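Printed here is model.csv (CSV, C-alpha atoms):
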chain,number,residue,atom,x,y,z
A,1058,MET,CA,23.3,20.7,-30.4
A,1059,GLN,CA,25.1,20.2,-33.7
A,1060,PHE,CA,24.3,17.5,-36.1
A,1061,HIS,CA,26.9,16.7,-38.8
A,1062,PHE,CA,25.9,14.7,-41.9
A,1063,ALA,CA,27.3,14.5,-45.4
A,1064,ASP,CA,29.1,17.8,-45.7
A,1065,HIS,CA,26.4,19.7,-43.7
A,1066,LYS,CA,26.1,20.9,-40.1
A,1067,LEU,CA,22.7,21.7,-38.4
A,1068,ASP,CA,23.2,23.8,-35.3
A,1069,THR,CA,19.9,23.7,-33.4
A,1070,ASP,CA,21.0,26.3,-30.8
A,1071,ARG,CA,21.9,28.9,-33.4
A,1072,ARG,CA,19.1,27.7,-35.7
A,1073,GLU,CA,21.4,27.5,-38.8
A,1074,LEU,CA,22.3,25.1,-41.5
A,1075,ARG,CA,25.6,25.1,-43.2
A,1076,ARG,CA,27.2,23.3,-46.1
A,1077,GLY,CA,30.9,23.4,-45.4
A,1078,SER,CA,31.5,27.0,-44.3
A,1079,GLU,CA,28.6,28.4,-46.4
A,1080,GLY,CA,25.3,29.2,-44.6
A,1081,ILE,CA,22.1,28.0,-46.2
A,1082,GLU,CA,19.0,30.1,-46.0
A,1083,VAL,CA,15.9,28.1,-45.2
A,1084,GLU,CA,12.5,28.6,-43.6
A,1085,PRO,CA,12.3,27.8,-39.8
A,1086,GLN,CA,10.0,24.8,-40.6
A,1087,VAL,CA,12.8,23.3,-42.7
A,1088,LEU,CA,15.1,23.4,-39.7
A,1089,ASP,CA,12.4,21.8,-37.6
A,1090,LEU,CA,11.9,19.1,-40.2
A,1091,LEU,CA,15.6,18.3,-40.2
A,1092,GLU,CA,15.6,18.1,-36.4
A,1093,ASN,CA,13.2,15.1,-36.7
A,1094,ARG,CA,16.1,13.0,-37.9
A,1095,ASP,CA,16.2,10.2,-35.5
A,1096,ARG,CA,13.0,8.3,-36.3
A,1097,PHE,CA,10.3,7.7,-38.9
A,1098,VAL,CA,7.8,10.6,-38.8
A,1099,SER,CA,4.3,10.6,-40.3
A,1100,LYS,CA,2.7,13.6,-41.8
A,1101,ASP,CA,0.6,13.9,-38.7
A,1102,ASP,CA,3.8,13.8,-36.5
A,1103,LEU,CA,5.3,16.6,-38.6
A,1104,VAL,CA,2.2,18.8,-38.4
A,1105,ALA,CA,2.2,18.3,-34.6
A,1106,SER,CA,5.9,18.9,-34.0
A,1107,VAL,CA,6.7,21.5,-36.7
A,1108,TRP,CA,3.4,23.5,-36.9
A,1109,GLY,CA,2.2,22.9,-33.4
A,1110,GLY,CA,-0.9,21.1,-34.6
A,1111,ARG,CA,-2.2,24.0,-36.8
A,1112,ILE,CA,-3.9,22.9,-39.9
A,1113,VAL,CA,-1.5,23.1,-42.9
A,1114,SER,CA,-2.2,22.0,-46.5
A,1115,ASP,CA,-0.5,19.0,-48.1
A,1116,ALA,CA,1.1,21.5,-50.5
A,1117,THR,CA,2.7,23.4,-47.6
A,1118,LEU,CA,4.1,20.2,-46.2
A,1119,THR,CA,5.3,19.0,-49.6
A,1120,SER,CA,7.0,22.4,-50.2
A,1121,ARG,CA,8.9,22.3,-46.9
A,1122,ILE,CA,10.0,18.7,-47.6
A,1123,TYR,CA,11.2,19.8,-51.0
A,1124,ALA,CA,13.0,22.7,-49.5
A,1125,ALA,CA,14.6,20.5,-46.9
A,1126,ARG,CA,15.8,18.1,-49.6
A,1127,LYS,CA,17.1,20.9,-51.7
A,1128,ALA,CA,19.0,22.4,-48.7
A,1129,VAL,CA,20.8,19.2,-48.0
A,1130,GLY,CA,21.5,18.4,-51.7
A,1131,ASP,CA,19.0,15.6,-51.9
A,1132,SER,CA,16.1,15.0,-54.3
A,1133,GLY,CA,12.8,13.1,-54.4
A,1134,ARG,CA,14.5,10.6,-56.8
A,1135,GLY,CA,17.8,10.2,-55.0
A,1136,GLN,CA,16.5,10.2,-51.4
A,1137,LYS,CA,20.1,9.8,-50.1
A,1138,LEU,CA,19.3,11.7,-46.9
A,1139,ILE,CA,15.5,12.0,-46.7
A,1140,ARG,CA,13.5,9.0,-47.6
A,1141,THR,CA,9.8,9.0,-48.3
A,1142,ILE,CA,7.9,5.9,-47.1
A,1143,ALA,CA,4.9,5.8,-49.4
A,1144,ARG,CA,1.6,6.9,-47.8
A,1145,LYS,CA,3.2,6.8,-44.4
A,1146,GLY,CA,5.7,9.6,-43.9
A,1147,PHE,CA,9.4,10.4,-44.0
A,1148,ARG,CA,12.7,9.3,-42.4
A,1149,PHE,CA,16.1,10.9,-42.3
A,1150,VAL,CA,18.5,8.1,-43.4
A,1151,GLY,CA,21.8,9.9,-43.5
A,1152,ALA,CA,24.6,9.0,-41.1
A,1153,VAL,CA,24.6,11.7,-38.4
A,1154,ARG,CA,27.2,12.6,-35.9
A,1155,THR,CA,26.1,14.7,-32.9
A,1156,GLN,CA,28.2,17.2,-31.0
A,1157,PRO,CA,27.2,19.6,-28.2
A,1158,THR,CA,27.4,23.2,-29.1
A,1159,VAL,CA,30.4,24.9,-27.6
A,1160,PRO,CA,30.1,28.6,-26.8
A,1161,ASN,CA,32.5,30.8,-28.8
A,1162,ARG,CA,34.9,32.0,-26.2
A,1163,HIS,CA,36.8,34.1,-28.8
A,1164,LEU,CA,34.1,36.7,-29.0
A,1165,PRO,CA,34.6,39.6,-26.6
A,1166,SER,CA,31.7,40.7,-24.4
A,1167,VAL,CA,30.4,44.1,-25.7
A,1168,ASP,CA,28.7,46.7,-23.7
A,1169,CYS,CA,25.8,47.9,-25.8
A,1170,ARG,CA,25.3,51.2,-24.0
A,1171,MET,CA,27.4,54.4,-24.4
A,1172,LYS,CA,28.3,55.8,-21.0
A,1173,SER,CA,28.6,59.4,-20.5
A,1174,THR,CA,29.0,61.5,-17.3
A,1175,SER,CA,26.9,64.4,-18.7
A,1176,SER,CA,24.0,62.4,-20.0
A,1177,PRO,CA,22.1,59.2,-19.2
A,1178,ALA,CA,23.2,56.1,-21.0
A,1179,ARG,CA,22.3,56.2,-24.6
A,1180,PRO,CA,21.4,52.8,-26.2
A,1181,TYR,CA,23.5,51.4,-29.0
A,1182,ARG,CA,22.6,48.5,-31.2
A,1183,CYS,CA,25.3,45.9,-31.0
A,1184,ALA,CA,26.6,44.7,-34.3
A,1185,ILE,CA,28.6,41.5,-33.7
A,1186,GLY,CA,30.0,39.8,-36.8
A,1187,PRO,CA,32.8,39.8,-39.2
A,1188,SER,CA,32.1,43.2,-40.6
A,1189,SER,CA,31.5,44.9,-37.3
A,1190,ARG,CA,35.0,44.2,-35.9
A,1191,TYR,CA,33.2,43.5,-32.6
A,1192,PHE,CA,32.4,47.2,-31.9
A,1193,PRO,CA,29.0,48.5,-31.1
A,1194,SER,CA,27.4,50.6,-33.8
A,1195,PRO,CA,25.0,53.6,-33.3
A,1196,THR,CA,21.3,53.0,-33.8
Could you render the structure from this file as structure tokens?
Amino acid sequence: MQFHFADHKLDTDRRELRRGSEGIEVEPQVLDLLENRDRFVSKDDLVASVWGGRIVSDATLTSRIYAARKAVGDSGRGQKLIRTIARKGFRFVGAVRTQPTVPNRHLPSVDCRMKSTSSPARPYRCAIGPSSRYFPSPT
């Protein structure tokens, strides 16, 4: 699923956040925080959904909220997208448009094994991306 807000796109299937065409590097927990966009979430809710109920410090939670705000161009003062409800929790307040993820049909399928009649198949690491030109590269 893709969530479009402000000039950002969160793709939950690919686990990536983009601003325009630029990818934004964030911790996995930041992506999980942003996925909780449709409702008010308490600190306990976040610990349960993002950290699977493991014990995390308030400092860890605060740092991930800060990272999420920074990633989407928000701040604790501005709170245009992520609003803090004092002593209660957080809510994503930006306008969000959802869109199902569509598989990229333009990428060719790549066989990641080199075939030879004289030796068994030798594994290759597939390097799919702009620099790979869609060809497998040797391990």
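Residue nearest Arg1076 of chain A, chosen from A:Pro1157, A:Val1107, A:Ala1063, A:Arg1144 and counting only C-alpha atoms: A:Ala1063.
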Neighbourhood query: residues within 6 Å of (29.0, 21.5, -42.5), file coordinates, counting all atoms listed in the file; return as JSON, numbers by chain.
{"A": [1064, 1065, 1066, 1075, 1076, 1077]}
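The residue that comes closest to Pro1085 of chain A, out of A:His1061, A:Arg1121, A:Arg1134, A:Asp1115 and on the basis of all atoms listed in the file, is A:Arg1121.
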Interatomic distance between atom CA of Asp1102 of chain A and atom CA of Phe1147 of chain A?
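Separation of atom CA of Asp1102 of chain A and atom CA of Phe1147 of chain A: 10.0 Å.
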Who sits within 12 Å of Ser1099 of chain A, only C-alpha atoms, same chain under 6 positions skipped, as a ChimeraX atom specification
/A:1090,1093,1105-1107,1118,1140-1149
Separation of atom CA of Glu1079 of chain A and atom CA of Asp1095 of chain A, in Å?
24.6 Å
Figure out the distance between atom CA of Thr1069 of chain A and atom CA of Gly1151 of chain A, please, to one decimal in Å.
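Taking atom CA of Gly1151 of chain A as the start and atom CA of Thr1069 of chain A as the end point, the length is 17.2 Å.
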Go ahead and find all residues with at least one atom no further than 9 Å from (22.7, 18.6, -31.5) in the file's coordinates, using all atoms listed in the file; report them as a ChimeraX atom specification.
/A:1058-1061,1067-1070,1092,1154-1158
What's the 12 Å shell around Glu1084 of chain A, counting all atoms listed in the file, without same-chain residues fewer than 6 positions away, as a VMD selection string?
chain A and resid 1072 to 1074 1090 to 1091 1107 1117 1120 to 1125 1128
Save the residues we just selected, C-alpha atoms, as an mmCIF file, keeping the file's coordinate frame?
data_model
loop_
_atom_site.group_PDB
_atom_site.id
_atom_site.type_symbol
_atom_site.label_atom_id
_atom_site.label_comp_id
_atom_site.auth_asym_id
_atom_site.auth_seq_id
_atom_site.Cartn_x
_atom_site.Cartn_y
_atom_site.Cartn_z
ATOM 1 C CA ARG A 1072 19.100 27.700 -35.700
ATOM 2 C CA GLU A 1073 21.400 27.500 -38.800
ATOM 3 C CA LEU A 1074 22.300 25.100 -41.500
ATOM 4 C CA LEU A 1090 11.900 19.100 -40.200
ATOM 5 C CA LEU A 1091 15.600 18.300 -40.200
ATOM 6 C CA VAL A 1107 6.700 21.500 -36.700
ATOM 7 C CA THR A 1117 2.700 23.400 -47.600
ATOM 8 C CA SER A 1120 7.000 22.400 -50.200
ATOM 9 C CA ARG A 1121 8.900 22.300 -46.900
ATOM 10 C CA ILE A 1122 10.000 18.700 -47.600
ATOM 11 C CA TYR A 1123 11.200 19.800 -51.000
ATOM 12 C CA ALA A 1124 13.000 22.700 -49.500
ATOM 13 C CA ALA A 1125 14.600 20.500 -46.900
ATOM 14 C CA ALA A 1128 19.000 22.400 -48.700
#
Nearest-residue call for Lys1137 of chain A, choices A:Val1150, A:Arg1071, A:Val1087, A:Ile1081, using only C-alpha atoms:
A:Val1150
